[in-house]
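Chemist: Handing over protein18.csv, CSV, C-alpha atoms and all ligand atoms.
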```
chain,number,residue,atom,x,y,z
J,1,THR,CA,153.2,112.9,114.9
J,2,GLU,CA,154.0,109.5,113.5
J,3,ILE,CA,153.0,106.8,115.8
J,4,SER,CA,153.7,103.1,116.1
J,5,LYS,CA,152.7,100.1,118.2
J,6,ALA,CA,155.6,101.1,120.5
J,7,ALA,CA,153.5,104.0,121.7
J,8,VAL,CA,150.9,101.5,123.2
J,9,ASP,CA,153.8,99.8,125.0
J,10,ALA,CA,155.0,103.2,126.3
J,11,LEU,CA,151.4,103.9,127.5
J,12,VAL,CA,151.3,100.5,129.3
J,13,LYS,CA,154.7,101.2,130.9
J,14,ASN,CA,154.4,104.9,131.8
J,15,LYS,CA,150.6,105.2,132.1
J,16,ASN,CA,151.1,108.4,130.1
J,17,LEU,CA,152.0,109.8,126.7
J,18,THR,CA,152.8,113.2,125.3
J,19,ASP,CA,149.9,115.3,123.9
J,20,GLY,CA,151.1,114.6,120.4
J,21,GLU,CA,151.2,110.9,121.0
J,22,PHE,CA,147.8,110.9,122.6
J,23,LYS,CA,146.4,112.8,119.6
J,24,ALA,CA,148.0,110.4,117.1
J,25,LEU,CA,146.7,107.4,119.1
J,26,LEU,CA,143.1,108.8,119.3
J,27,GLN,CA,143.1,109.4,115.5
J,28,THR,CA,144.2,106.0,114.3
J,29,GLY,CA,142.3,102.7,114.5
J,30,GLU,CA,145.5,100.9,113.4
J,31,PHE,CA,146.5,99.7,116.8
J,32,ASP,CA,143.0,99.1,118.3
J,33,GLY,CA,143.5,95.3,118.4
J,34,TYR,CA,146.7,95.6,120.3
J,35,LEU,CA,145.5,98.5,122.5
J,36,PHE,CA,142.4,96.5,123.6
J,37,GLU,CA,144.5,93.4,124.3
J,38,CYS,CA,146.9,95.5,126.5
J,39,ALA,CA,143.9,97.1,128.3
J,40,ASP,CA,142.3,93.7,128.9
J,41,LYS,CA,145.6,92.4,130.3
J,42,VAL,CA,145.9,95.3,132.8
J,43,ARG,CA,142.3,95.0,133.8
J,44,ARG,CA,142.7,91.2,134.5
J,45,GLU,CA,145.9,91.9,136.5
J,46,HIS,CA,143.8,94.2,138.8
J,47,TYR,CA,140.3,92.8,138.7
J,48,GLY,CA,140.6,89.3,137.1
J,49,ASP,CA,137.5,88.4,135.1
J,50,GLU,CA,135.1,90.0,137.6
J,51,VAL,CA,132.5,92.4,136.5
J,52,TYR,CA,130.8,94.6,139.1
J,53,ILE,CA,127.1,95.4,138.8
J,54,ARG,CA,125.5,98.6,140.0
J,55,GLY,CA,121.8,98.9,140.3
J,56,LEU,CA,120.8,102.2,138.8
J,57,ILE,CA,117.8,103.8,140.3
J,58,GLU,CA,116.7,106.9,138.4
J,59,ILE,CA,115.0,108.8,141.2
J,60,SER,CA,113.7,111.9,139.3
J,61,ASN,CA,113.8,113.4,135.8
J,62,TYR,CA,113.0,116.9,137.0
J,63,CYS,CA,116.0,119.1,136.5
J,64,LYS,CA,116.6,122.8,137.1
J,65,ASN,CA,119.5,122.9,134.6
J,66,ASN,CA,119.5,123.3,130.8
J,67,CYS,CA,122.5,121.4,129.4
J,68,TYR,CA,122.1,121.7,125.7
J,69,TYR,CA,122.7,117.9,125.1
J,70,CYS,CA,120.4,116.4,127.7
J,71,GLY,CA,116.8,115.2,127.2
J,72,ILE,CA,115.7,116.0,130.8
J,73,ARG,CA,116.8,119.6,130.6
J,74,ALA,CA,114.3,122.0,132.2
J,75,GLY,CA,113.5,123.6,128.8
J,76,ASN,CA,112.2,120.3,127.3
J,77,GLY,CA,108.5,120.8,127.6
J,78,ASN,CA,107.9,117.4,125.9
J,79,ALA,CA,109.5,115.5,128.8
J,80,GLU,CA,106.9,113.9,131.1
J,81,ARG,CA,108.2,114.4,134.6
J,82,TYR,CA,108.2,112.0,137.5
J,83,ARG,CA,109.9,111.5,140.8
J,84,LEU,CA,110.2,108.3,143.0
J,85,THR,CA,109.2,108.2,146.6
J,86,LYS,CA,111.4,106.8,149.4
J,87,ASP,CA,109.2,103.7,149.4
J,88,ASP,CA,109.6,103.3,145.6
J,89,ILE,CA,113.4,103.6,146.0
J,90,LEU,CA,113.5,101.1,148.9
J,91,SER,CA,111.5,98.6,146.9
J,92,CYS,CA,113.9,98.9,144.0
J,93,ALA,CA,116.7,98.3,146.4
J,94,LYS,CA,114.9,95.2,147.8
J,95,GLU,CA,114.5,93.7,144.4
J,96,GLY,CA,118.1,94.6,143.5
J,97,TYR,CA,119.5,93.0,146.6
J,98,ARG,CA,117.6,89.8,145.9
J,99,LEU,CA,119.1,89.8,142.4
J,100,GLY,CA,122.7,90.1,143.7
J,101,PHE,CA,123.3,93.9,143.6
J,102,ARG,CA,125.4,95.3,146.4
J,103,THR,CA,125.7,98.8,145.1
J,104,PHE,CA,122.8,101.1,144.4
J,105,VAL,CA,123.3,104.3,142.4
J,106,LEU,CA,120.7,107.0,143.0
J,107,GLN,CA,120.7,109.2,139.9
J,108,GLY,CA,118.5,112.1,139.0
J,109,GLY,CA,118.3,115.6,137.6
J,110,GLU,CA,119.0,118.5,139.9
J,111,ASP,CA,115.5,118.4,141.4
J,112,MET,CA,114.9,120.9,144.2
J,113,PHE,CA,112.2,118.6,145.7
J,114,PHE,CA,115.0,116.4,146.9
J,115,THR,CA,116.3,118.6,149.7
J,116,ASP,CA,119.3,117.6,151.8
J,117,GLU,CA,117.0,116.3,154.4
J,118,VAL,CA,115.1,114.1,151.9
J,119,ILE,CA,118.3,112.8,150.4
J,120,CYS,CA,119.8,112.0,153.7
J,121,ASP,CA,116.7,110.2,154.9
J,122,ILE,CA,116.7,108.0,151.7
J,123,VAL,CA,120.5,107.3,152.0
J,124,SER,CA,120.3,106.3,155.7
J,125,GLY,CA,117.2,104.3,155.0
J,126,ILE,CA,119.0,102.2,152.4
J,127,LYS,CA,122.1,101.8,154.5
J,128,LYS,CA,120.1,100.7,157.6
J,129,GLU,CA,118.3,98.1,155.6
J,130,TYR,CA,121.4,97.0,153.6
J,131,PRO,CA,124.5,97.7,155.7
J,132,ASP,CA,126.6,95.4,153.4
J,133,CYS,CA,125.8,97.6,150.3
J,134,ALA,CA,127.4,100.8,148.9
J,135,VAL,CA,125.3,103.8,148.1
J,136,THR,CA,126.4,105.9,145.2
J,137,LEU,CA,124.8,109.3,144.5
J,138,SER,CA,124.7,111.0,141.1
J,139,LEU,CA,122.6,114.1,141.8
J,140,GLY,CA,124.7,116.9,140.3
J,141,GLU,CA,126.4,119.9,141.7
J,142,LYS,CA,125.8,120.7,145.4
J,143,SER,CA,127.6,122.7,148.1
J,144,PHE,CA,130.4,121.2,150.2
J,145,ASP,CA,128.0,121.1,153.2
J,146,SER,CA,125.4,119.2,151.3
J,147,TYR,CA,127.9,116.6,150.0
J,148,LYS,CA,129.2,116.3,153.6
J,149,LYS,CA,125.7,115.7,154.9
J,150,TYR,CA,125.0,112.9,152.4
J,151,TYR,CA,128.4,111.4,153.3
J,152,ASP,CA,127.6,111.5,157.0
J,153,ALA,CA,124.2,109.9,156.3
J,154,GLY,CA,126.1,106.9,154.7
J,155,ALA,CA,126.7,107.7,151.1
J,156,ASP,CA,129.9,106.0,149.9
J,157,ARG,CA,130.5,107.2,146.4
J,158,TYR,CA,129.5,110.1,144.1
J,159,LEU,CA,129.4,110.3,140.3
J,160,LEU,CA,129.7,113.7,138.6
J,161,ARG,CA,131.0,113.8,135.1
J,162,HIS,CA,133.0,116.9,134.4
J,163,GLU,CA,131.7,116.6,130.8
J,164,THR,CA,134.6,118.5,129.3
J,165,ALA,CA,137.7,120.1,130.8
J,166,ASN,CA,138.0,122.9,128.3
J,167,ASN,CA,136.3,126.1,129.3
J,168,GLU,CA,135.2,127.2,125.9
J,169,HIS,CA,133.9,123.8,125.1
J,170,TYR,CA,132.1,123.7,128.5
J,171,SER,CA,130.3,126.9,127.7
J,172,LYS,CA,129.2,125.6,124.3
J,173,LEU,CA,127.5,122.6,126.0
J,174,HIS,CA,126.0,124.5,128.9
J,175,PRO,CA,124.2,127.8,129.5
J,176,GLU,CA,125.9,130.6,131.5
J,177,SER,CA,124.3,129.5,134.7
J,178,MET,CA,126.8,126.6,134.8
J,179,SER,CA,130.6,126.8,135.0
J,180,LEU,CA,133.4,124.3,134.6
J,181,GLU,CA,135.1,125.9,137.6
J,182,ASN,CA,132.2,125.0,139.9
J,183,ARG,CA,132.0,121.5,138.5
J,184,LYS,CA,135.7,120.9,139.1
J,185,GLN,CA,135.4,122.4,142.6
J,186,CYS,CA,132.6,120.0,143.4
J,187,LEU,CA,134.8,117.0,142.3
J,188,TYR,CA,137.7,118.1,144.5
J,189,ASN,CA,135.2,118.7,147.4
J,190,LEU,CA,133.8,115.2,147.0
J,191,LYS,CA,137.3,113.7,147.2
J,192,LYS,CA,138.2,115.8,150.2
J,193,ILE,CA,135.1,114.6,152.1
J,194,GLY,CA,136.2,111.0,151.5
J,195,TYR,CA,133.8,109.8,148.7
J,196,GLN,CA,135.0,107.3,146.1
J,197,THR,CA,134.6,109.8,143.4
J,198,GLY,CA,133.8,109.4,139.7
J,199,SER,CA,134.1,111.8,136.8
J,200,GLY,CA,134.0,111.4,133.1
J,201,PHE,CA,132.7,112.8,129.8
J,202,MET,CA,130.8,112.1,126.7
J,203,VAL,CA,132.7,111.1,123.5
J,204,GLY,CA,131.7,113.0,120.4
J,205,SER,CA,129.8,115.7,122.0
J,206,PRO,CA,129.2,118.8,119.8
J,207,TYR,CA,132.3,121.0,119.4
J,208,GLN,CA,134.6,118.3,121.0
J,209,THR,CA,138.1,118.1,119.4
J,210,TYR,CA,141.1,115.8,119.9
J,211,GLU,CA,142.6,118.7,121.8
J,212,THR,CA,139.7,119.0,124.3
J,213,LEU,CA,139.8,115.2,124.7
J,214,ILE,CA,143.4,115.4,125.7
J,215,GLU,CA,142.5,118.1,128.2
J,216,ASP,CA,140.0,115.7,129.6
J,217,LEU,CA,142.7,113.1,130.1
J,218,ARG,CA,145.0,115.7,131.7
J,219,PHE,CA,142.2,116.8,134.1
J,220,LEU,CA,141.6,113.2,135.1
J,221,GLN,CA,145.3,112.8,135.8
J,222,ASP,CA,145.1,115.7,138.2
J,223,LEU,CA,141.8,114.6,139.9
J,224,LYS,CA,142.8,110.9,140.1
J,225,PRO,CA,139.2,109.6,140.3
J,226,ASP,CA,138.2,106.2,141.6
J,227,MET,CA,135.6,105.8,138.8
J,228,ILE,CA,135.5,107.1,135.2
J,229,GLY,CA,132.3,107.1,133.2
J,230,ILE,CA,132.4,107.7,129.5
J,231,GLY,CA,130.0,107.0,126.7
J,232,PRO,CA,129.2,108.3,123.3
J,233,TYR,CA,127.1,111.5,123.0
J,234,ILE,CA,123.7,110.5,121.7
J,235,THR,CA,121.4,112.9,120.0
J,236,HIS,CA,118.1,113.7,121.7
J,237,LYS,CA,115.4,115.0,119.5
J,238,ASP,CA,114.0,117.6,121.9
J,239,THR,CA,117.2,119.4,122.6
J,240,PRO,CA,119.1,122.4,121.0
J,241,PHE,CA,121.6,119.8,119.7
J,242,LYS,CA,119.0,117.8,117.8
J,243,ASN,CA,120.9,118.3,114.5
J,244,PHE,CA,124.3,117.1,115.7
J,245,GLU,CA,125.5,113.6,115.1
J,246,SER,CA,126.0,111.0,117.8
J,247,GLY,CA,129.5,110.1,118.9
J,248,SER,CA,131.4,107.1,117.5
J,249,LEU,CA,131.7,103.6,118.9
J,250,CYS,CA,135.3,103.2,117.9
J,251,LEU,CA,136.5,106.4,119.5
J,252,THR,CA,134.7,105.6,122.7
J,253,LEU,CA,136.2,102.1,122.8
J,254,ARG,CA,139.7,103.5,122.1
J,255,LEU,CA,139.2,105.9,125.0
J,256,VAL,CA,138.0,103.2,127.3
J,257,ALA,CA,141.2,101.3,126.6
J,258,ILE,CA,143.4,104.4,127.0
J,259,LEU,CA,141.8,105.2,130.3
J,260,ARG,CA,142.3,101.6,131.6
J,261,LEU,CA,146.0,101.9,130.7
J,262,MET,CA,146.3,105.4,132.3
J,263,PHE,CA,144.4,104.4,135.5
J,264,PRO,CA,144.9,100.6,135.9
J,265,TYR,CA,142.9,100.4,139.2
J,266,VAL,CA,140.0,102.5,138.1
J,267,LEU,CA,136.3,101.4,138.1
J,268,LEU,CA,135.3,101.8,134.5
J,269,PRO,CA,131.7,101.1,133.4
J,270,SER,CA,130.7,99.8,130.0
J,271,THR,CA,127.9,102.3,129.8
J,272,THR,CA,124.3,102.0,128.6
J,273,ALA,CA,125.1,104.7,126.0
J,274,LEU,CA,127.6,102.3,124.5
J,275,GLY,CA,125.0,99.6,124.4
J,276,THR,CA,122.6,102.0,122.8
J,277,ILE,CA,124.8,102.9,119.8
J,278,HIS,CA,125.7,99.3,119.0
J,279,PRO,CA,123.9,96.0,120.0
J,280,GLN,CA,127.1,94.6,121.3
J,281,GLY,CA,128.5,97.9,122.6
J,282,ARG,CA,128.7,96.9,126.2
J,283,GLU,CA,130.4,93.6,125.5
J,284,MET,CA,133.0,95.5,123.3
J,285,GLY,CA,133.5,98.0,126.2
J,286,LEU,CA,134.3,95.1,128.6
J,287,LYS,CA,136.8,93.7,126.1
J,288,ALA,CA,138.4,97.1,125.8
J,289,GLY,CA,139.1,97.4,129.6
J,290,ALA,CA,135.8,98.2,131.3
J,291,ASN,CA,134.9,96.3,134.5
J,292,VAL,CA,131.5,97.6,135.6
J,293,VAL,CA,128.0,97.5,134.3
J,294,MET,CA,125.1,99.5,135.6
J,295,PRO,CA,121.8,97.9,134.7
J,296,ASN,CA,118.5,99.8,135.3
J,297,LEU,CA,116.7,99.0,138.5
J,298,SER,CA,114.1,101.8,138.2
J,299,PRO,CA,110.4,100.8,138.2
J,300,THR,CA,109.4,99.7,134.7
J,301,SER,CA,106.7,102.5,134.7
J,302,VAL,CA,109.3,105.3,134.7
J,303,ARG,CA,112.2,103.8,132.6
J,304,LYS,CA,110.9,105.3,129.4
J,305,LEU,CA,110.7,108.7,131.0
J,306,TYR,CA,114.3,109.0,132.1
J,307,THR,CA,115.6,109.7,128.6
J,308,LEU,CA,118.8,111.6,128.5
J,309,TYR,CA,119.1,110.6,124.9
J,310,ASP,CA,117.1,108.8,122.2
J,311,ASN,CA,116.6,105.0,121.8
J,312,LYS,CA,117.9,104.1,125.3
J,313,ILE,CA,118.1,100.3,125.8
J,314,CYS,CA,116.6,98.2,128.6
J,315,THR,CA,113.6,100.5,129.1
J,316,GLY,CA,111.0,97.8,128.9
J,317,ASP,CA,112.0,94.7,130.7
J,318,GLU,CA,111.7,93.5,134.3
J,319,ALA,CA,114.8,93.9,136.4
J,320,ALA,CA,115.2,90.2,136.7
J,321,GLN,CA,115.1,89.7,133.0
J,322,CYS,CA,117.6,92.4,132.5
J,323,ILE,CA,120.1,90.9,134.9
J,324,GLU,CA,119.8,87.4,133.2
J,325,CYS,CA,120.3,88.9,129.8
J,326,LEU,CA,123.3,90.9,131.1
J,327,LYS,CA,124.9,87.8,132.7
J,328,ARG,CA,124.8,86.0,129.4
J,329,ARG,CA,126.2,89.0,127.6
J,330,VAL,CA,129.1,89.4,130.1
J,331,GLU,CA,129.9,85.7,129.9
J,332,SER,CA,129.8,85.8,126.1
J,333,ALA,CA,132.5,88.5,126.4
J,334,GLY,CA,134.7,86.3,128.6
J,335,TYR,CA,133.9,87.7,132.1
J,336,ARG,CA,131.6,87.0,135.0
J,337,ILE,CA,129.3,89.1,137.1
J,338,VAL,CA,130.0,88.9,140.8
J,339,THR,CA,127.9,89.7,143.9
J,340,ASP,CA,130.2,92.1,145.5
J,341,VAL,CA,130.2,95.7,146.8
J,342,GLY,CA,132.9,96.2,144.2
J,343,ASN,CA,135.2,98.8,145.8
J,344,VAL,CA,138.1,100.3,143.9
J,345,LYS,CA,141.3,98.3,144.3
J,346,LYS,CA,143.8,101.0,144.9
W,1,LIG,N1,124.1,111.5,125.3
W,1,LIG,C1,124.9,110.8,126.0
W,1,LIG,N2,125.1,111.0,127.3
W,1,LIG,C2,124.4,112.0,127.9
W,1,LIG,N3,124.4,112.4,129.1
W,1,LIG,C3,123.5,113.4,129.2
W,1,LIG,N4,122.9,113.6,128.0
W,1,LIG,C4,123.5,112.7,127.2
W,1,LIG,C5,123.3,112.5,125.8
W,1,LIG,N5,122.5,113.2,125.0
W,1,LIG,C6,125.3,111.9,130.2
W,1,LIG,C7,126.1,113.1,130.8
W,1,LIG,C8,125.7,113.0,132.3
W,1,LIG,C9,125.3,111.5,132.4
W,1,LIG,C10,124.4,111.3,133.5
W,1,LIG,O1,124.6,111.3,131.2
W,1,LIG,O2,127.5,112.9,130.6
W,1,LIG,O3,126.7,113.3,133.1
W,2,LIG,FE1,118.6,95.1,130.1
W,2,LIG,FE2,119.4,93.1,128.6
W,2,LIG,S1,120.6,94.3,129.9
W,2,LIG,S2,117.4,93.8,128.8
```
I'd like the structure from this file rewritten - as structure tokens, please.
Ligand code: 5AD
Ligand code: FES

Modeler:
Amino acid sequence: TEISKAAVDALVKNKNLTDGEFKALLQTGEFDGYLFECADKVRREHYGDEVYIRGLIEISNYCKNNCYYCGIRAGNGNAERYRLTKDDILSCAKEGYRLGFRTFVLQGGEDMFFTDEVICDIVSGIKKEYPDCAVTLSLGEKSFDSYKKYYDAGADRYLLRHETANNEHYSKLHPESMSLENRKQCLYNLKKIGYQTGSGFMVGSPYQTYETLIEDLRFLQDLKPDMIGIGPYITHKDTPFKNFESGSLCLTLRLVAILRLMFPYVLLPSTTALGTIHPQGREMGLKAGANVVMPNLSPTSVRKLYTLYDNKICTGDEAAQCIECLKRRVESAGYRIVTDVGNVKK
């Protein structure tokens, strides 16, 4: 399909394109400048120059799963495992609150130590101490009942990337013990329960094609998530995918902009993975339509251990240093960090 600048205008107007147009737009860098400009305009219409911060607390790197791309997969015998206690997590939240965070994201591998009871106790503990804060969970696939229990304990949001919406592609990224069908069901369950729900995918994962990316966009149109997390796939040396190349910065930024135009209201993070493949990756993500950043609040002692991919940034500094550096970076890009719970504006 031949494509012109008018396709970007059509995307702005209709929040949609045909498969052929999406493919052509994904393949060319010709309109990136205009695409990013339009995405930034739409982002400013909905969120102004505000950037929401989320304090990411990586509660455990134990995981029962074996995703072929992920550094904390069960089969990685080189990973040094850790889990945080409730007290550890509450002190991360305390430091975070002092620094201006009003959302805490508890992320971890699928660690059976964290039973429903343990998770609910931690969630209600944070909500009791910080009733003006949102708690986001990112703990993988659970039953409807488990998700409901966490919600009733006070969890507000849940992040679960679908990773790829194409069945065949999904089975090339995951062992047979995991299925796209269950992953999608989890996402619909989360929405039904009432969570602000986030999905997303990696850009440039092994075996991904423009066609599978378009399926990702179509799936997101069906799900209508409140949050969409995307970042480049980054090789991890101790995984079966160690010989695959990392995803590209340009394609990731192009997708950030396309997602902003398809979902004007969405909470769209400029991810740590973007900051890892390019020193100014997160700033570029913001300028392409992202409006959220998720700095690390985990204790310094474990940051290096939560390695989904190689060369992850911000694994050494104190939380306070990190937020100062991030404030400067966000301002240099033309935006400002706000102290706000940062709910979706829908
Ligand atoms: N590169 C980039 N992102 C990764 N994730 C897991 N492994 C990698 C990797 N090697 C992403 C997945 C997961 C999220 C928490 O991190 O998309 O959902
Ligand atoms: Fe972490 Fe800069 S954002 S050190």

Chemist: Using all atoms listed in the file, tabulate the residues of segment 139-214 of chain J lying at most 9 Å from any atom of segment 248-269 of chain J, each with its closest atom pair and that distance in Å to one decimal, by chain and increasing residue number, as CSV.

Modeler:
```
residue,atom,partner,partner_atom,distance
J:Gly198,CA,J:Leu267,CA,8.5
J:Met202,CA,J:Thr252,CA,8.6
J:Val203,CA,J:Thr252,CA,5.9
J:Gly204,CA,J:Ser248,CA,6.6
```

Chemist: Could you list the protein, DNA and RNA residues that have any atom within 9 Å of ligand LIG 1 (chain W), counting all atoms listed in the file, and write them as number ranges by chain?

Modeler: J: 67-73, 107-109, 138-140, 159-163, 199-203, 205, 229-236, 239, 241, 246-247, 273, 307-310

Chemist: With C-alpha atoms retained, could you export that selection as a PDB file, keeping the file's coordinate frame?

Modeler:
```pdb
ATOM      1  CA  CYS J  67     122.500 121.400 129.400  1.00  0.00           C
ATOM      2  CA  TYR J  68     122.100 121.700 125.700  1.00  0.00           C
ATOM      3  CA  TYR J  69     122.700 117.900 125.100  1.00  0.00           C
ATOM      4  CA  CYS J  70     120.400 116.400 127.700  1.00  0.00           C
ATOM      5  CA  GLY J  71     116.800 115.200 127.200  1.00  0.00           C
ATOM      6  CA  ILE J  72     115.700 116.000 130.800  1.00  0.00           C
ATOM      7  CA  ARG J  73     116.800 119.600 130.600  1.00  0.00           C
ATOM      8  CA  GLN J 107     120.700 109.200 139.900  1.00  0.00           C
ATOM      9  CA  GLY J 108     118.500 112.100 139.000  1.00  0.00           C
ATOM     10  CA  GLY J 109     118.300 115.600 137.600  1.00  0.00           C
ATOM     11  CA  SER J 138     124.700 111.000 141.100  1.00  0.00           C
ATOM     12  CA  LEU J 139     122.600 114.100 141.800  1.00  0.00           C
ATOM     13  CA  GLY J 140     124.700 116.900 140.300  1.00  0.00           C
ATOM     14  CA  LEU J 159     129.400 110.300 140.300  1.00  0.00           C
ATOM     15  CA  LEU J 160     129.700 113.700 138.600  1.00  0.00           C
ATOM     16  CA  ARG J 161     131.000 113.800 135.100  1.00  0.00           C
ATOM     17  CA  HIS J 162     133.000 116.900 134.400  1.00  0.00           C
ATOM     18  CA  GLU J 163     131.700 116.600 130.800  1.00  0.00           C
ATOM     19  CA  SER J 199     134.100 111.800 136.800  1.00  0.00           C
ATOM     20  CA  GLY J 200     134.000 111.400 133.100  1.00  0.00           C
ATOM     21  CA  PHE J 201     132.700 112.800 129.800  1.00  0.00           C
ATOM     22  CA  MET J 202     130.800 112.100 126.700  1.00  0.00           C
ATOM     23  CA  VAL J 203     132.700 111.100 123.500  1.00  0.00           C
ATOM     24  CA  SER J 205     129.800 115.700 122.000  1.00  0.00           C
ATOM     25  CA  GLY J 229     132.300 107.100 133.200  1.00  0.00           C
ATOM     26  CA  ILE J 230     132.400 107.700 129.500  1.00  0.00           C
ATOM     27  CA  GLY J 231     130.000 107.000 126.700  1.00  0.00           C
ATOM     28  CA  PRO J 232     129.200 108.300 123.300  1.00  0.00           C
ATOM     29  CA  TYR J 233     127.100 111.500 123.000  1.00  0.00           C
ATOM     30  CA  ILE J 234     123.700 110.500 121.700  1.00  0.00           C
ATOM     31  CA  THR J 235     121.400 112.900 120.000  1.00  0.00           C
ATOM     32  CA  HIS J 236     118.100 113.700 121.700  1.00  0.00           C
ATOM     33  CA  THR J 239     117.200 119.400 122.600  1.00  0.00           C
ATOM     34  CA  PHE J 241     121.600 119.800 119.700  1.00  0.00           C
ATOM     35  CA  SER J 246     126.000 111.000 117.800  1.00  0.00           C
ATOM     36  CA  GLY J 247     129.500 110.100 118.900  1.00  0.00           C
ATOM     37  CA  ALA J 273     125.100 104.700 126.000  1.00  0.00           C
ATOM     38  CA  THR J 307     115.600 109.700 128.600  1.00  0.00           C
ATOM     39  CA  LEU J 308     118.800 111.600 128.500  1.00  0.00           C
ATOM     40  CA  TYR J 309     119.100 110.600 124.900  1.00  0.00           C
ATOM     41  CA  ASP J 310     117.100 108.800 122.200  1.00  0.00           C
TER      42      ASP J 310
END
```

Chemist: When you look at Gln321 of chain J with a cut-off of 12 Å (counting all atoms listed in the file), what residues show up, excluding the ones that are within fewer than 3 positions of it in the same chain? I need them as a VMD selection string.

Modeler: chain J and resid 96 99 295 to 297 300 314 to 318 324 to 328

Chemist: Just give me the gap between atom CA of Tyr130 of chain J and atom CA of Gly100 of chain J in Å, one decimal is fine.

Modeler: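 We find that atom CA of Tyr130 of chain J and atom CA of Gly100 of chain J lie 12.1 Å from each other.
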
Chemist: Give as a PyMOL selection string the set of residues within 9 Å of the point (150.8, 105.0, 125.9), where distances use the file's coordinates and only C-alpha atoms.

Modeler: chain J and resi 6-18+21-22+25+258+261-262

Chemist: Take atom CA of Asn76 of chain J and atom CA of Ile89 of chain J and report the distance between them in Å, one decimal.

Modeler: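 If I compute the distance from atom CA of Asn76 of chain J to atom CA of Ile89 of chain J, I get 25.1 Å.
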
Chemist: Given the choices J:Gly55, J:Asp111, J:Tyr306, J:Arg81, which gets closest to ligand LIG 2 (chain W) if the distance is worked out from all atoms listed in the file?

Modeler: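 Closest residue, counting all atoms listed in the file: J:Gly55.
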
Chemist: Which is closer to Ser171 of chain J than all the others in J:Gly125, J:Lys242, J:Ile193, J:Gln208, using only C-alpha atoms?

Modeler: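 Nearest candidate to Ser171 of chain J out of J:Gly125, J:Lys242, J:Ile193, J:Gln208: J:Gln208.
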
Chemist: Counting all atoms listed in the file, which of J:Ala134, J:Ile53, J:Ala24, J:Ile313 gets nearest to ligand LIG 2 (chain W)?

Modeler: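 Closest residue, counting all atoms listed in the file: J:Ile313.
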
Chemist: So which one's closest to ligand LIG 2 (chain W), J:Gln27, J:Asn182, J:Thr271, J:Asn243? Using all atoms listed in the file, please.

Modeler: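 When distances to ligand LIG 2 (chain W) are compared using all atoms listed in the file, the smallest one comes from J:Thr271.
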
Chemist: So the first atom is atom CA of Phe36 of chain J and the second is atom CA of Ala333 of chain J; what is the distance between them in Å, to one decimal place?

Modeler: 13.0 Å

Chemist: What's around Leu187 of chain J at 12 Å? Count all atoms listed in the file, leave out sequence neighbours fewer than 2 positions away in its own chain, and write the answer as a VMD selection string.

Modeler: chain J and resid 138 140 to 144 147 157 to 163 180 to 185 189 to 200 219 to 220 222 to 227

Chemist: What lies within 9 Å of Gly75 of chain J using only C-alpha atoms, ignoring chain neighbours under 5 positions off, as a list in words?

Modeler: Lys64, Asn65, Asn66 and Thr239 of chain J

Chemist: Measuring atom to atom with only C-alpha atoms, identify which of J:Glu245, J:Ala165, J:Tyr47, J:Ile126 is nearest to Ile214 of chain J.

Modeler: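 The shortest atom-to-atom distance to Ile214 of chain J comes from J:Ala165.
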